[in-house]
Every structure is written in structure tokens, then in C-alpha cells.
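Novice: There's a structure below that I have some questions on.
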Amino acid sequence: MRVTSRLKESFVAGLILVAPLAVTLYILRILVSWSLQFINPVVTELGLIQTAANVEVAAQILAVVLIVSVITALGLLAQWSIGKHLFGNLGRTINVVPLVSTIYGSIRQVATSLVESGSQFERTVLVEYPREDVYSVGFVTGEGRSSIDEVAGERAHSVFLPNSPNPTAGRLVMVPESQIHETDMSVREGMGMIVTTGMGSEEERLEAYEDEAVVAVDRAD
């Protein structure tokens, strides 16, 4: 019995050691696969594989450096008057295109809300979604219209439910006030939890949120 108990304890200890690492590697694999959708086309179009002596990983790293450099350059340009004028005209042009303006405007609004200290999200809440007794982290964005209140039978609020670990995508739901569960988390803390899928310490979650928020705004620009 002692041997069996010792083996069980050893297995549990090993599981506690390996499980977090396995989950971390799995999430990293998903993020890398998603990132390659943007990196590989750059490698192909610019012929970086030949530049990197036919070493695919080196070509991908070079593509990442180029993408980051371009994003940084655009960010610098956007801070100058000529950049503000140029991107302002681009934004106004996009806003007159049906459907495209809706998609672009929504993503831009969410991305901007992620990094601005005065976030357009009012507060972090919990909503029973996608079924009862399962709670999703959401952010109240405003009150619903009177026609929606009539359907709900009470005052309703618009709540944005971000995807994890990519909070720039998600869904908008209209939730009756009585079905919104308040939390003591700030918007920043809630976003940090979503970006890290609930893992890591509070400090690590906030740092991950800030990094993801900067990347999100760069993509929206």
C-alpha cells in the first residue's frame, strides 16, 4: 500500500509539473500557427527564403523584423501632422464603404479601447454564456435602446464578450440588468485575464494584456 500511495503521489506531483508546461506549449503553438498566416505570405512575396539562405525559420524571423519595423514606422508617421492628415483621409475613405466601414470601425474602436486609459468599456462583468451556470467575462459598453428594453422586460445593457486569447474579436449581446453579475475587476484586469486565458499571476496577466493591446492597435492601424 505504501508503494502504491507513493506512486500516486509521485504521479500527481509530476502531473502538476508537466500540465502547466503542456498547456503553455499548446497555447504557444496556436499563437504561432495563427501568426504564420501573416508571416508566410510576406516570406513568399518578398522572396526572403532565398535571402535567408533557404533557411525557413531564418526567413520567418526576418519577416517578423520587417513587419515590426513597418508597424513602428507607421506609428511614428501617424504622430506627425502629415501622417495624421494622410491616415485621417484614409479613415474617412473607408467610412464611406458599406460593410467595410462597419468592420473596420468596430475593430478600431475595440483596439483603441484596449490601450486608452479612458477605456470606452464601462466595467467588467460576468454573463451566463453560452449556457446557464457557465460564466463569460464581458465588458459593459452602454445601455440598450428602449425597443430592446421592451423585449427584455427591463433595462438591458450592451455587453461585449471578447474571445480568448484574442480580445479584438468577440460578440455583442444585449443582457437584462438582472442577469448581469458585477465583479470587482477593472477593465484592465479583465482584459489581462482574457489575454492569458486566466493563467499566470496578476502582474503577468496585466503585462500580457498591455503587450496584446499594443499589437492590436498596430494591426487596426
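Simple scheme: letters A, B, ... for chains in C-alpha cells order, numbers from 1 for residues in each chain, numbers from 1 for ligands in the order shown.
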Per residue of segment 157-187 of chain A within 12 Å of segment 145-150 of chain A, note the shortest atom pair and the distance in Å to one decimal, counting only C-alpha atoms, and order the rows by chain and increasing residue number, as a tab-separated table.
Specialist:
```
residue	atom	partner	partner_atom	distance
A:His157	CA	A:Arg145	CA	8.6
A:Ser158	CA	A:Arg145	CA	9.3
A:Val173	CA	A:Ile148	CA	11.2
A:Met174	CA	A:Ile148	CA	7.9
A:Val175	CA	A:Asp149	CA	9.5
A:Pro176	CA	A:Asp149	CA	7.8
A:Glu177	CA	A:Asp149	CA	9.7
```
Novice: Please produce a file of the residues just selected, as a short mmCIF file (atom, residue, chain, number, x, y, z; two decimals), in the first residue's frame, where the atoms kept are N, CA, C and O atoms.
Specialist:
```
data_model
loop_
_atom_site.label_atom_id
_atom_site.label_comp_id
_atom_site.auth_asym_id
_atom_site.auth_seq_id
_atom_site.Cartn_x
_atom_site.Cartn_y
_atom_site.Cartn_z
N HIS A 157 -28.49 46.06 -21.08
CA HIS A 157 -27.20 46.70 -21.36
C HIS A 157 -26.50 45.94 -22.48
O HIS A 157 -26.64 44.72 -22.60
N SER A 158 -25.75 46.66 -23.27
CA SER A 158 -24.94 46.01 -24.30
C SER A 158 -23.64 45.56 -23.66
O SER A 158 -22.96 46.35 -22.99
N VAL A 173 -23.74 41.12 -27.00
CA VAL A 173 -25.00 40.57 -26.53
C VAL A 173 -25.74 41.64 -25.73
O VAL A 173 -25.12 42.48 -25.09
N MET A 174 -27.05 41.60 -25.80
CA MET A 174 -27.89 42.51 -25.02
C MET A 174 -28.39 41.72 -23.82
O MET A 174 -29.09 40.72 -23.97
N VAL A 175 -28.03 42.17 -22.63
CA VAL A 175 -28.31 41.41 -21.41
C VAL A 175 -29.18 42.23 -20.46
O VAL A 175 -28.86 43.38 -20.17
N PRO A 176 -30.29 41.64 -19.97
CA PRO A 176 -31.10 42.34 -18.96
C PRO A 176 -30.27 42.64 -17.72
O PRO A 176 -29.38 41.88 -17.35
N GLU A 177 -30.56 43.76 -17.10
CA GLU A 177 -29.77 44.21 -15.95
C GLU A 177 -29.72 43.18 -14.83
O GLU A 177 -28.69 43.00 -14.18
#
```
Novice: Tell me, as number ranges by chain, which residues lie within 8 Å of Pro167 of chain A, counting only C-alpha atoms; anything in the same chain fewer than 5 positions away does not count.
Specialist: A: 162, 191, 194-195
Novice: Those selected residues, please, written with all heavy atoms and delivered as a PDB file, in the first residue's frame.
Specialist:
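Resulting contents of part.pdb:
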```pdb
ATOM      1  N   PRO A 162     -15.407  39.269 -25.324  1.00  0.00           N
ATOM      2  CA  PRO A 162     -14.228  39.058 -26.170  1.00  0.00           C
ATOM      3  C   PRO A 162     -13.844  37.591 -26.244  1.00  0.00           C
ATOM      4  O   PRO A 162     -14.119  36.805 -25.330  1.00  0.00           O
ATOM      5  CB  PRO A 162     -13.129  39.866 -25.476  1.00  0.00           C
ATOM      6  CG  PRO A 162     -13.763  40.547 -24.322  1.00  0.00           C
ATOM      7  CD  PRO A 162     -15.057  39.889 -24.047  1.00  0.00           C
ATOM      8  N   MET A 191      -9.224  42.273 -19.077  1.00  0.00           N
ATOM      9  CA  MET A 191      -8.549  42.041 -20.339  1.00  0.00           C
ATOM     10  C   MET A 191      -7.303  41.182 -20.141  1.00  0.00           C
ATOM     11  O   MET A 191      -6.986  40.314 -20.953  1.00  0.00           O
ATOM     12  CB  MET A 191      -8.162  43.366 -20.996  1.00  0.00           C
ATOM     13  CG  MET A 191      -9.274  44.009 -21.771  1.00  0.00           C
ATOM     14  SD  MET A 191      -9.764  42.994 -23.185  1.00  0.00           S
ATOM     15  CE  MET A 191     -11.061  44.024 -23.868  1.00  0.00           C
ATOM     16  N   ILE A 194      -8.295  37.605 -19.954  1.00  0.00           N
ATOM     17  CA  ILE A 194      -8.692  37.059 -21.251  1.00  0.00           C
ATOM     18  C   ILE A 194      -7.476  36.764 -22.118  1.00  0.00           C
ATOM     19  O   ILE A 194      -7.383  35.713 -22.747  1.00  0.00           O
ATOM     20  CB  ILE A 194      -9.642  38.049 -21.965  1.00  0.00           C
ATOM     21  CG1 ILE A 194     -10.989  38.073 -21.240  1.00  0.00           C
ATOM     22  CG2 ILE A 194      -9.832  37.677 -23.434  1.00  0.00           C
ATOM     23  CD1 ILE A 194     -11.917  39.163 -21.706  1.00  0.00           C
ATOM     24  N   VAL A 195      -6.518  37.677 -22.143  1.00  0.00           N
ATOM     25  CA  VAL A 195      -5.334  37.507 -22.979  1.00  0.00           C
ATOM     26  C   VAL A 195      -4.522  36.294 -22.547  1.00  0.00           C
ATOM     27  O   VAL A 195      -3.970  35.561 -23.374  1.00  0.00           O
ATOM     28  CB  VAL A 195      -4.460  38.781 -22.947  1.00  0.00           C
ATOM     29  CG1 VAL A 195      -3.114  38.533 -23.611  1.00  0.00           C
ATOM     30  CG2 VAL A 195      -5.178  39.932 -23.640  1.00  0.00           C
TER      31      VAL A 195
END
```
Novice: Taking the backbone alone, and naming residues the way the document does, which bits of chain A are strand (DSSP E or B) by DSSP, as a PDB file with C-alpha atoms, in the first residue's frame?
Specialist:
```pdb
ATOM      1  CA  ARG A 123     -16.884  47.875 -16.294  1.00  0.00           C
ATOM      2  CA  THR A 124     -16.049  44.177 -16.170  1.00  0.00           C
ATOM      3  CA  VAL A 125     -18.976  41.820 -15.574  1.00  0.00           C
ATOM      4  CA  LEU A 126     -19.915  38.160 -15.780  1.00  0.00           C
ATOM      5  CA  VAL A 127     -22.676  36.873 -18.032  1.00  0.00           C
ATOM      6  CA  GLU A 128     -24.098  33.352 -18.146  1.00  0.00           C
ATOM      7  CA  TYR A 135     -19.920  32.425 -16.931  1.00  0.00           C
ATOM      8  CA  SER A 136     -18.141  34.515 -19.554  1.00  0.00           C
ATOM      9  CA  VAL A 137     -16.123  37.644 -18.816  1.00  0.00           C
ATOM     10  CA  GLY A 138     -17.678  40.633 -20.546  1.00  0.00           C
ATOM     11  CA  PHE A 139     -17.450  44.418 -20.670  1.00  0.00           C
ATOM     12  CA  VAL A 140     -20.445  46.717 -20.478  1.00  0.00           C
ATOM     13  CA  THR A 141     -20.331  49.166 -23.374  1.00  0.00           C
ATOM     14  CA  GLY A 142     -23.574  51.025 -22.811  1.00  0.00           C
ATOM     15  CA  GLU A 143     -27.302  50.797 -22.302  1.00  0.00           C
ATOM     16  CA  ALA A 156     -30.882  45.960 -20.838  1.00  0.00           C
ATOM     17  CA  HIS A 157     -27.201  46.697 -21.355  1.00  0.00           C
ATOM     18  CA  SER A 158     -24.942  46.013 -24.304  1.00  0.00           C
ATOM     19  CA  VAL A 159     -22.126  43.693 -23.228  1.00  0.00           C
ATOM     20  CA  PHE A 160     -19.087  42.816 -25.331  1.00  0.00           C
ATOM     21  CA  LEU A 161     -17.818  39.241 -24.837  1.00  0.00           C
ATOM     22  CA  PRO A 162     -14.228  39.058 -26.170  1.00  0.00           C
ATOM     23  CA  GLY A 170     -15.901  38.593 -29.918  1.00  0.00           C
ATOM     24  CA  ARG A 171     -19.637  39.131 -29.864  1.00  0.00           C
ATOM     25  CA  LEU A 172     -22.087  41.762 -28.670  1.00  0.00           C
ATOM     26  CA  VAL A 173     -25.002  40.569 -26.532  1.00  0.00           C
ATOM     27  CA  MET A 174     -27.885  42.508 -25.019  1.00  0.00           C
ATOM     28  CA  VAL A 175     -28.312  41.405 -21.413  1.00  0.00           C
ATOM     29  CA  PRO A 176     -31.103  42.340 -18.963  1.00  0.00           C
ATOM     30  CA  ILE A 180     -25.514  40.912 -15.250  1.00  0.00           C
ATOM     31  CA  HIS A 181     -23.207  39.862 -12.429  1.00  0.00           C
ATOM     32  CA  GLU A 182     -20.914  42.622 -11.208  1.00  0.00           C
TER      33      GLU A 182
END
```
Novice: Quick one: residues within 9 Å of Ile94 of chain A, only C-alpha atoms counted, chain neighbours fewer than 6 positions away excluded, as a PyMOL selection string?
Specialist: chain A and resi 100-101+104-105
Novice: Let's have the selection written as a PDB file, in the first residue's frame, with N, CA, C and O atoms.
Specialist:
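Result went into result_37.pdb, see below:
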```pdb
ATOM      1  N   VAL A 100     -17.474  47.421 -45.122  1.00  0.00           N
ATOM      2  CA  VAL A 100     -16.070  47.599 -44.754  1.00  0.00           C
ATOM      3  C   VAL A 100     -15.949  48.609 -43.616  1.00  0.00           C
ATOM      4  O   VAL A 100     -15.178  48.408 -42.660  1.00  0.00           O
ATOM      5  N   SER A 101     -16.716  49.697 -43.696  1.00  0.00           N
ATOM      6  CA  SER A 101     -16.664  50.720 -42.654  1.00  0.00           C
ATOM      7  C   SER A 101     -17.140  50.168 -41.317  1.00  0.00           C
ATOM      8  O   SER A 101     -16.594  50.513 -40.263  1.00  0.00           O
ATOM      9  N   TYR A 104     -14.253  47.720 -40.059  1.00  0.00           N
ATOM     10  CA  TYR A 104     -13.064  48.491 -39.677  1.00  0.00           C
ATOM     11  C   TYR A 104     -13.331  49.332 -38.435  1.00  0.00           C
ATOM     12  O   TYR A 104     -12.522  49.374 -37.508  1.00  0.00           O
ATOM     13  N   GLY A 105     -14.484  50.004 -38.435  1.00  0.00           N
ATOM     14  CA  GLY A 105     -14.815  50.869 -37.307  1.00  0.00           C
ATOM     15  C   GLY A 105     -14.938  50.101 -36.002  1.00  0.00           C
ATOM     16  O   GLY A 105     -14.491  50.557 -34.954  1.00  0.00           O
TER      17      GLY A 105
END
```
Novice: Could you name the residues that touch segment 51-60 of chain A at 10 Å or less, counting only C-alpha atoms, but leaving out those on the same chain fewer than 4 positions away, as a ChimeraX atom specification?
Specialist: /A:36,39-44,46-47,64-66
Novice: Suppose we keep C-alpha atoms; can you now write the selection as a JSON list (two decimals), in the first residue's frame?
Specialist:
```json
[["chain", "number", "residue", "atom", "x", "y", "z"],
["A", 36, "LEU", "CA", 2.26, 32.33, -39.57],
["A", 39, "ILE", "CA", 4.28, 35.91, -41.79],
["A", 40, "ASN", "CA", 4.42, 33.25, -44.53],
["A", 41, "PRO", "CA", 2.83, 35.46, -47.23],
["A", 42, "VAL", "CA", 5.50, 38.10, -46.52],
["A", 43, "VAL", "CA", 8.23, 35.47, -46.81],
["A", 44, "THR", "CA", 6.81, 34.29, -50.14],
["A", 46, "LEU", "CA", 9.49, 39.19, -50.79],
["A", 47, "GLY", "CA", 11.48, 36.05, -51.55],
["A", 64, "VAL", "CA", 8.77, 39.37, -38.32],
["A", 65, "VAL", "CA", 11.52, 42.00, -38.07],
["A", 66, "LEU", "CA", 10.25, 43.66, -41.27]]
```
Novice: Quick one, how far is atom CA of Glu45 of chain A from atom CA of Leu76 of chain A?
Specialist: 25.1 Å
Novice: Mind the document's chain letters and residue numbers, and return as a ChimeraX atom specification the residues of segment 96-204 of chain A that DSSP labels helix (DSSP H, G or I).
Specialist: /A:100-115,146-152,177-179,187-195,202-204
Novice: Could the residues in this selection be written to a file with C-alpha atoms, as a PDB file, in the first residue's frame?
Specialist:
```
ATOM      1  CA  VAL A 100     -16.070  47.599 -44.754  1.00  0.00           C
ATOM      2  CA  SER A 101     -16.664  50.720 -42.654  1.00  0.00           C
ATOM      3  CA  THR A 102     -18.651  48.691 -40.118  1.00  0.00           C
ATOM      4  CA  ILE A 103     -15.968  46.027 -39.758  1.00  0.00           C
ATOM      5  CA  TYR A 104     -13.064  48.491 -39.677  1.00  0.00           C
ATOM      6  CA  GLY A 105     -14.815  50.869 -37.307  1.00  0.00           C
ATOM      7  CA  SER A 106     -15.726  48.102 -34.861  1.00  0.00           C
ATOM      8  CA  ILE A 107     -12.207  46.653 -34.766  1.00  0.00           C
ATOM      9  CA  ARG A 108     -10.672  50.117 -34.455  1.00  0.00           C
ATOM     10  CA  GLN A 109     -12.980  51.016 -31.584  1.00  0.00           C
ATOM     11  CA  VAL A 110     -12.195  47.817 -29.673  1.00  0.00           C
ATOM     12  CA  ALA A 111      -8.454  48.133 -30.294  1.00  0.00           C
ATOM     13  CA  THR A 112      -8.423  51.769 -29.180  1.00  0.00           C
ATOM     14  CA  SER A 113     -10.383  50.886 -26.058  1.00  0.00           C
ATOM     15  CA  LEU A 114      -7.730  48.334 -25.131  1.00  0.00           C
ATOM     16  CA  VAL A 115      -4.929  50.871 -24.718  1.00  0.00           C
ATOM     17  CA  SER A 146     -35.975  51.359 -25.439  1.00  0.00           C
ATOM     18  CA  SER A 147     -37.156  48.824 -28.028  1.00  0.00           C
ATOM     19  CA  ILE A 148     -34.675  46.290 -26.613  1.00  0.00           C
ATOM     20  CA  ASP A 149     -35.777  47.091 -23.046  1.00  0.00           C
ATOM     21  CA  GLU A 150     -39.355  46.321 -24.040  1.00  0.00           C
ATOM     22  CA  VAL A 151     -38.372  42.908 -25.384  1.00  0.00           C
ATOM     23  CA  ALA A 152     -36.242  42.124 -22.310  1.00  0.00           C
ATOM     24  CA  GLU A 177     -29.772  44.209 -15.950  1.00  0.00           C
ATOM     25  CA  SER A 178     -30.877  41.467 -13.546  1.00  0.00           C
ATOM     26  CA  GLN A 179     -28.738  38.902 -15.414  1.00  0.00           C
ATOM     27  CA  VAL A 187     -11.347  46.574 -17.327  1.00  0.00           C
ATOM     28  CA  ARG A 188      -7.555  46.255 -17.435  1.00  0.00           C
ATOM     29  CA  GLU A 189      -7.618  43.249 -15.114  1.00  0.00           C
ATOM     30  CA  GLY A 190     -10.421  41.615 -17.083  1.00  0.00           C
ATOM     31  CA  MET A 191      -8.549  42.041 -20.339  1.00  0.00           C
ATOM     32  CA  GLY A 192      -5.405  40.627 -18.736  1.00  0.00           C
ATOM     33  CA  MET A 193      -7.313  37.503 -17.726  1.00  0.00           C
ATOM     34  CA  ILE A 194      -8.692  37.059 -21.251  1.00  0.00           C
ATOM     35  CA  VAL A 195      -5.334  37.507 -22.979  1.00  0.00           C
ATOM     36  CA  GLU A 202      -1.928  39.165 -11.613  1.00  0.00           C
ATOM     37  CA  GLU A 203       1.211  41.046 -12.672  1.00  0.00           C
ATOM     38  CA  GLU A 204       1.864  38.645 -15.560  1.00  0.00           C
TER      39      GLU A 204
END
```
Novice: Measure the distance from atom CA of Gly91 of chain A to atom CA of Ile71 of chain A in Å and round it to one decimal.
Specialist: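 One can read the atom CA of Gly91 of chain A to atom CA of Ile71 of chain A distance as 17.0 Å.
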Novice: At what distance in Å, to one decimal, does atom CA of Leu15 of chain A lie from atom CA of Arg2 of chain A?
Specialist: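 Atom CA of Leu15 of chain A lies at a distance of 19.7 Å from atom CA of Arg2 of chain A.
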Novice: Identify, on the basis of only C-alpha atoms, every residue whose closest approach to Leu74 of chain A does not exceed 10 Å; exclude the query and any residue fewer than 3 positions from it along the same chain; express the result as a compact mmCIF listing (two decimals) with C-alpha atoms, in the first residue's frame.
Specialist:
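Once written, part-v6.txt looks like this:
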```txt
# COMPACT_ATOMS: atom_id res chain seq x y z
CA VAL A 68 7.53 45.10 -36.72
CA SER A 69 9.69 47.74 -38.44
CA VAL A 70 6.88 48.72 -40.80
CA ILE A 71 4.35 48.93 -37.96
CA LEU A 77 4.37 58.66 -39.14
CA ALA A 78 0.90 58.72 -37.59
CA GLN A 79 2.20 61.02 -34.84
CA GLY A 83 0.66 61.25 -41.06
CA PHE A 87 -4.43 58.42 -42.16
CA ASP A 218 -0.98 48.40 -34.54
CA ASP A 221 -3.97 50.98 -37.95
```
Novice: Give me the residues within 12 Å of segment 19-23 of chain A as a JSON list (two decimals) with C-alpha atoms, in the first residue's frame, counting only C-alpha atoms and dropping any in the same chain fewer than 6 places off.
Specialist:
```json
[["chain", "number", "residue", "atom", "x", "y", "z"],
["A", 11, "PHE", "CA", 2.28, 10.85, -10.43],
["A", 12, "VAL", "CA", 0.26, 13.79, -9.09],
["A", 13, "ALA", "CA", 3.44, 15.75, -8.44],
["A", 29, "ARG", "CA", 1.52, 26.53, -30.78],
["A", 30, "ILE", "CA", -1.89, 28.05, -31.52],
["A", 196, "THR", "CA", -3.62, 34.96, -20.71],
["A", 197, "THR", "CA", -6.67, 32.60, -20.65],
["A", 198, "GLY", "CA", -6.76, 33.01, -16.88],
["A", 199, "MET", "CA", -3.23, 31.72, -16.27],
["A", 200, "GLY", "CA", -0.29, 33.39, -14.56]]
```
